[in-house]
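J.: Dropping a structure here in structure tokens format, bear with me for questions.
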Amino acid sequence: MAKVFEATVTAPVNIAVIKYWGKRDAALILPTNSSLSVTLSQDHLSTRTTIRAAPEFTGDRLWLNGVEESIAASKRLINSITTARKL
């Protein structure tokens, strides 16, 4: 069996207090309104994602909170996996 590559990252939770509503000027990338958000300390609340890859893996699988989930309907997730595979 070939070596399995594994990487784990964490990210803090960010809560939008005043939401972003789009761009008033796309060329200058100016928002329609100001936004305000709060990022929580990773000591209190965060997400953790681990990815594993090996040449003999035959497909992509996802577990969320210990339960295997379907990824077929999520184009965004498939794009993320494809990008990670290129790394």
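Starting from 1 in every chain, residues are counted up; chains themselves are A, B, ... following the order of the structure tokens, and ligands are numbered from 1 as listed.
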Find the residues around Arg61 of chain A up to 12 Å (only C-alpha atoms counted), leave out those fewer than 5 positions away in its own chain, and share them as a VMD selection string.

T.: chain A and resid 50 to 53 67 to 72 77 to 78 81

J.: Using only C-alpha atoms, which residues of segment 21-85 of chain A come within 7 Å of segment 4-14 of chain A, and what is the closest atom pair for each, with the distance in Å to one decimal? Give it as CSV, sorted by chain and residue number.

T.:
```
residue,atom,partner,partner_atom,distance
A:Ser37,CA,A:Asn14,CA,6.6
A:Val38,CA,A:Asn14,CA,5.6
A:Thr39,CA,A:Asn14,CA,4.3
A:Leu40,CA,A:Val13,CA,5.5
A:Ser41,CA,A:Pro12,CA,6.4
A:Gln42,CA,A:Pro12,CA,5.2
A:Leu45,CA,A:Val13,CA,6.4
A:Ser46,CA,A:Pro12,CA,4.5
A:Thr47,CA,A:Ala11,CA,5.4
A:Arg48,CA,A:Thr10,CA,4.4
A:Thr49,CA,A:Val9,CA,5.5
A:Thr50,CA,A:Thr8,CA,4.2
A:Ile51,CA,A:Ala7,CA,5.6
A:Arg52,CA,A:Glu6,CA,4.4
A:Ala53,CA,A:Phe5,CA,5.1
A:Ala54,CA,A:Val4,CA,4.8
```

J.: Mind dumping the selected residues with C-alpha atoms as a PDB file, in the first residue's frame?

T.:
```pdb
ATOM      1  CA  SER A  37     -18.647  40.661  11.198  1.00  0.00           C
ATOM      2  CA  VAL A  38     -17.233  39.027  14.295  1.00  0.00           C
ATOM      3  CA  THR A  39     -14.635  36.265  14.197  1.00  0.00           C
ATOM      4  CA  LEU A  40     -14.702  33.977  17.218  1.00  0.00           C
ATOM      5  CA  SER A  41     -11.582  32.679  18.907  1.00  0.00           C
ATOM      6  CA  GLN A  42     -10.496  29.235  17.733  1.00  0.00           C
ATOM      7  CA  LEU A  45     -15.369  27.488  18.377  1.00  0.00           C
ATOM      8  CA  SER A  46     -13.836  26.477  15.051  1.00  0.00           C
ATOM      9  CA  THR A  47     -14.164  24.071  12.175  1.00  0.00           C
ATOM     10  CA  ARG A  48     -11.620  21.342  11.462  1.00  0.00           C
ATOM     11  CA  THR A  49     -11.203  19.729   8.063  1.00  0.00           C
ATOM     12  CA  THR A  50      -8.965  16.767   7.247  1.00  0.00           C
ATOM     13  CA  ILE A  51      -8.276  15.516   3.740  1.00  0.00           C
ATOM     14  CA  ARG A  52      -6.615  12.214   2.862  1.00  0.00           C
ATOM     15  CA  ALA A  53      -5.348  11.127  -0.543  1.00  0.00           C
ATOM     16  CA  ALA A  54      -3.604   8.056  -1.914  1.00  0.00           C
TER      17      ALA A  54
END
```

J.: So that I can check the secondary structure, give me every residue of chain A assigned alpha helix (DSSP H) by backbone DSSP, as a list in words.

T.: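 Those in chain A that DSSP calls alpha helix (DSSP H) are Lys75, Arg76, Leu77, Ile78, Asn79, Ser80, Ile81, Thr82, Thr83, Ala84, Arg85 and Lys86 of chain A.
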
J.: Return the single residue from A:Pro55, A:Leu62, A:His44, A:Lys19 that is closest to Ser74 of chain A, with distances computed using only C-alpha atoms.

T.: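 For Ser74 of chain A, the nearest of the candidates is A:Leu62.
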
J.: Could you state the separation of atom CA of Lys75 of chain A and atom CA of Gly22 of chain A in Å, given to one decimal place?

T.: 22.3 Å

J.: Taking the backbone alone, and naming residues the way the document does, which bits of chain A are strand (DSSP E) by DSSP, as an MDAnalysis selection string?

T.: chainID A and resid 5:12 14:18 23:25 30:31 36:39 46:53 62:64 67:69

J.: Write the residues of the selection above to a file with N, CA and C atoms, as an mmCIF file, in the first residue's frame.

T.:
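So the final result, stored in selection_33.cif, reads:
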```cif
data_model
loop_
_atom_site.group_PDB
_atom_site.id
_atom_site.type_symbol
_atom_site.label_atom_id
_atom_site.label_comp_id
_atom_site.auth_asym_id
_atom_site.auth_seq_id
_atom_site.Cartn_x
_atom_site.Cartn_y
_atom_site.Cartn_z
ATOM 1 N N PHE A 5 -1.412 10.507 2.010
ATOM 2 C CA PHE A 5 -1.176 11.918 2.342
ATOM 3 C C PHE A 5 -2.344 12.401 3.190
ATOM 4 N N GLU A 6 -2.036 13.129 4.270
ATOM 5 C CA GLU A 6 -3.092 13.671 5.117
ATOM 6 C C GLU A 6 -2.721 15.079 5.550
ATOM 7 N N ALA A 7 -3.692 15.977 5.498
ATOM 8 C CA ALA A 7 -3.502 17.353 5.962
ATOM 9 C C ALA A 7 -4.755 17.787 6.700
ATOM 10 N N THR A 8 -4.561 18.509 7.805
ATOM 11 C CA THR A 8 -5.677 19.015 8.602
ATOM 12 C C THR A 8 -5.518 20.513 8.784
ATOM 13 N N VAL A 9 -6.617 21.243 8.625
ATOM 14 C CA VAL A 9 -6.619 22.691 8.837
ATOM 15 C C VAL A 9 -7.797 23.055 9.727
ATOM 16 N N THR A 10 -7.671 24.184 10.416
ATOM 17 C CA THR A 10 -8.782 24.696 11.210
ATOM 18 C C THR A 10 -9.087 26.114 10.753
ATOM 19 N N ALA A 11 -10.321 26.524 10.972
ATOM 20 C CA ALA A 11 -10.736 27.883 10.611
ATOM 21 C C ALA A 11 -11.687 28.403 11.684
ATOM 22 N N PRO A 12 -11.558 29.678 12.032
ATOM 23 C CA PRO A 12 -12.461 30.234 13.037
ATOM 24 C C PRO A 12 -13.862 30.440 12.457
ATOM 25 N N ASN A 14 -16.949 32.771 11.700
ATOM 26 C CA ASN A 14 -17.165 34.190 11.444
ATOM 27 C C ASN A 14 -18.669 34.420 11.343
ATOM 28 N N ILE A 15 -19.171 35.358 12.146
ATOM 29 C CA ILE A 15 -20.606 35.648 12.168
ATOM 30 C C ILE A 15 -20.832 37.038 11.573
ATOM 31 N N ALA A 16 -21.637 37.093 10.514
ATOM 32 C CA ALA A 16 -21.957 38.378 9.880
ATOM 33 C C ALA A 16 -23.032 39.081 10.689
ATOM 34 N N VAL A 17 -22.730 40.294 11.140
ATOM 35 C CA VAL A 17 -23.698 41.087 11.880
ATOM 36 C C VAL A 17 -24.479 41.960 10.898
ATOM 37 N N ILE A 18 -23.768 42.615 10.011
ATOM 38 C CA ILE A 18 -24.365 43.370 8.907
ATOM 39 C C ILE A 18 -23.841 42.711 7.640
ATOM 40 N N LYS A 23 -22.121 44.457 -4.987
ATOM 41 C CA LYS A 23 -21.233 45.551 -5.376
ATOM 42 C C LYS A 23 -22.011 46.707 -5.991
ATOM 43 N N ARG A 24 -21.664 47.929 -5.581
ATOM 44 C CA ARG A 24 -22.254 49.107 -6.222
ATOM 45 C C ARG A 24 -21.425 49.512 -7.429
ATOM 46 N N ASP A 25 -20.152 49.089 -7.458
ATOM 47 C CA ASP A 25 -19.272 49.354 -8.597
ATOM 48 C C ASP A 25 -18.384 48.130 -8.787
ATOM 49 N N LEU A 30 -16.382 47.992 -5.222
ATOM 50 C CA LEU A 30 -16.919 48.733 -4.087
ATOM 51 C C LEU A 30 -18.225 48.092 -3.643
ATOM 52 N N PRO A 31 -18.382 47.841 -2.352
ATOM 53 C CA PRO A 31 -19.611 47.206 -1.874
ATOM 54 C C PRO A 31 -20.795 48.159 -1.888
ATOM 55 N N LEU A 36 -20.225 44.267 8.661
ATOM 56 C CA LEU A 36 -19.610 44.104 9.965
ATOM 57 C C LEU A 36 -19.725 42.639 10.354
ATOM 58 N N SER A 37 -18.614 42.053 10.772
ATOM 59 C CA SER A 37 -18.647 40.661 11.198
ATOM 60 C C SER A 37 -17.761 40.479 12.419
ATOM 61 N N VAL A 38 -17.991 39.376 13.104
ATOM 62 C CA VAL A 38 -17.233 39.027 14.295
ATOM 63 C C VAL A 38 -16.615 37.658 14.066
ATOM 64 N N THR A 39 -15.316 37.546 14.295
ATOM 65 C CA THR A 39 -14.635 36.265 14.197
ATOM 66 C C THR A 39 -14.368 35.760 15.606
ATOM 67 N N SER A 46 -14.502 26.474 16.355
ATOM 68 C CA SER A 46 -13.836 26.477 15.051
ATOM 69 C C SER A 46 -14.289 25.254 14.261
ATOM 70 N N THR A 47 -13.926 25.251 12.997
ATOM 71 C CA THR A 47 -14.164 24.071 12.175
ATOM 72 C C THR A 47 -12.821 23.393 11.936
ATOM 73 N N ARG A 48 -12.840 22.092 11.765
ATOM 74 C CA ARG A 48 -11.620 21.342 11.462
ATOM 75 C C ARG A 48 -11.903 20.448 10.267
ATOM 76 N N THR A 49 -11.046 20.526 9.272
ATOM 77 C CA THR A 49 -11.203 19.729 8.063
ATOM 78 C C THR A 49 -9.926 18.924 7.829
ATOM 79 N N THR A 50 -10.092 17.639 7.560
ATOM 80 C CA THR A 50 -8.965 16.767 7.247
ATOM 81 C C THR A 50 -9.216 16.152 5.875
ATOM 82 N N ILE A 51 -8.178 16.139 5.067
ATOM 83 C CA ILE A 51 -8.276 15.516 3.740
ATOM 84 C C ILE A 51 -7.195 14.434 3.654
ATOM 85 N N ARG A 52 -7.568 13.312 3.064
ATOM 86 C CA ARG A 52 -6.615 12.214 2.862
ATOM 87 C C ARG A 52 -6.634 11.841 1.386
ATOM 88 N N ALA A 53 -5.456 11.522 0.867
ATOM 89 C CA ALA A 53 -5.348 11.127 -0.543
ATOM 90 C C ALA A 53 -4.285 10.042 -0.691
ATOM 91 N N LEU A 62 -17.033 11.744 1.706
ATOM 92 C CA LEU A 62 -17.107 12.823 2.679
ATOM 93 C C LEU A 62 -17.856 12.353 3.913
ATOM 94 N N TRP A 63 -17.282 12.642 5.081
ATOM 95 C CA TRP A 63 -17.963 12.404 6.349
ATOM 96 C C TRP A 63 -18.162 13.748 7.018
ATOM 97 N N LEU A 64 -19.358 13.982 7.523
ATOM 98 C CA LEU A 64 -19.685 15.202 8.244
ATOM 99 C C LEU A 64 -20.221 14.795 9.611
ATOM 100 N N VAL A 67 -20.837 11.041 9.906
ATOM 101 C CA VAL A 67 -21.825 10.408 9.014
ATOM 102 C C VAL A 67 -21.398 10.633 7.570
ATOM 103 N N GLU A 68 -21.337 9.559 6.783
ATOM 104 C CA GLU A 68 -20.968 9.709 5.377
ATOM 105 C C GLU A 68 -22.095 10.417 4.622
ATOM 106 N N GLU A 69 -21.714 11.419 3.830
ATOM 107 C CA GLU A 69 -22.672 12.235 3.073
ATOM 108 C C GLU A 69 -22.395 12.102 1.577
#
```

J.: Using only C-alpha atoms, which of A:Asn79, A:Gly66, A:Glu56, A:Leu28 sits nearest Lys3 of chain A?

T.: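 Nearest candidate to Lys3 of chain A out of A:Asn79, A:Gly66, A:Glu56, A:Leu28: A:Glu56.
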
J.: Give me, please, the distance in Å between atom CA of Ser80 of chain A and atom CA of Ala27 of chain A, quoted to one decimal.

T.: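 Taking atom CA of Ser80 of chain A and atom CA of Ala27 of chain A, their separation equals 26.9 Å.
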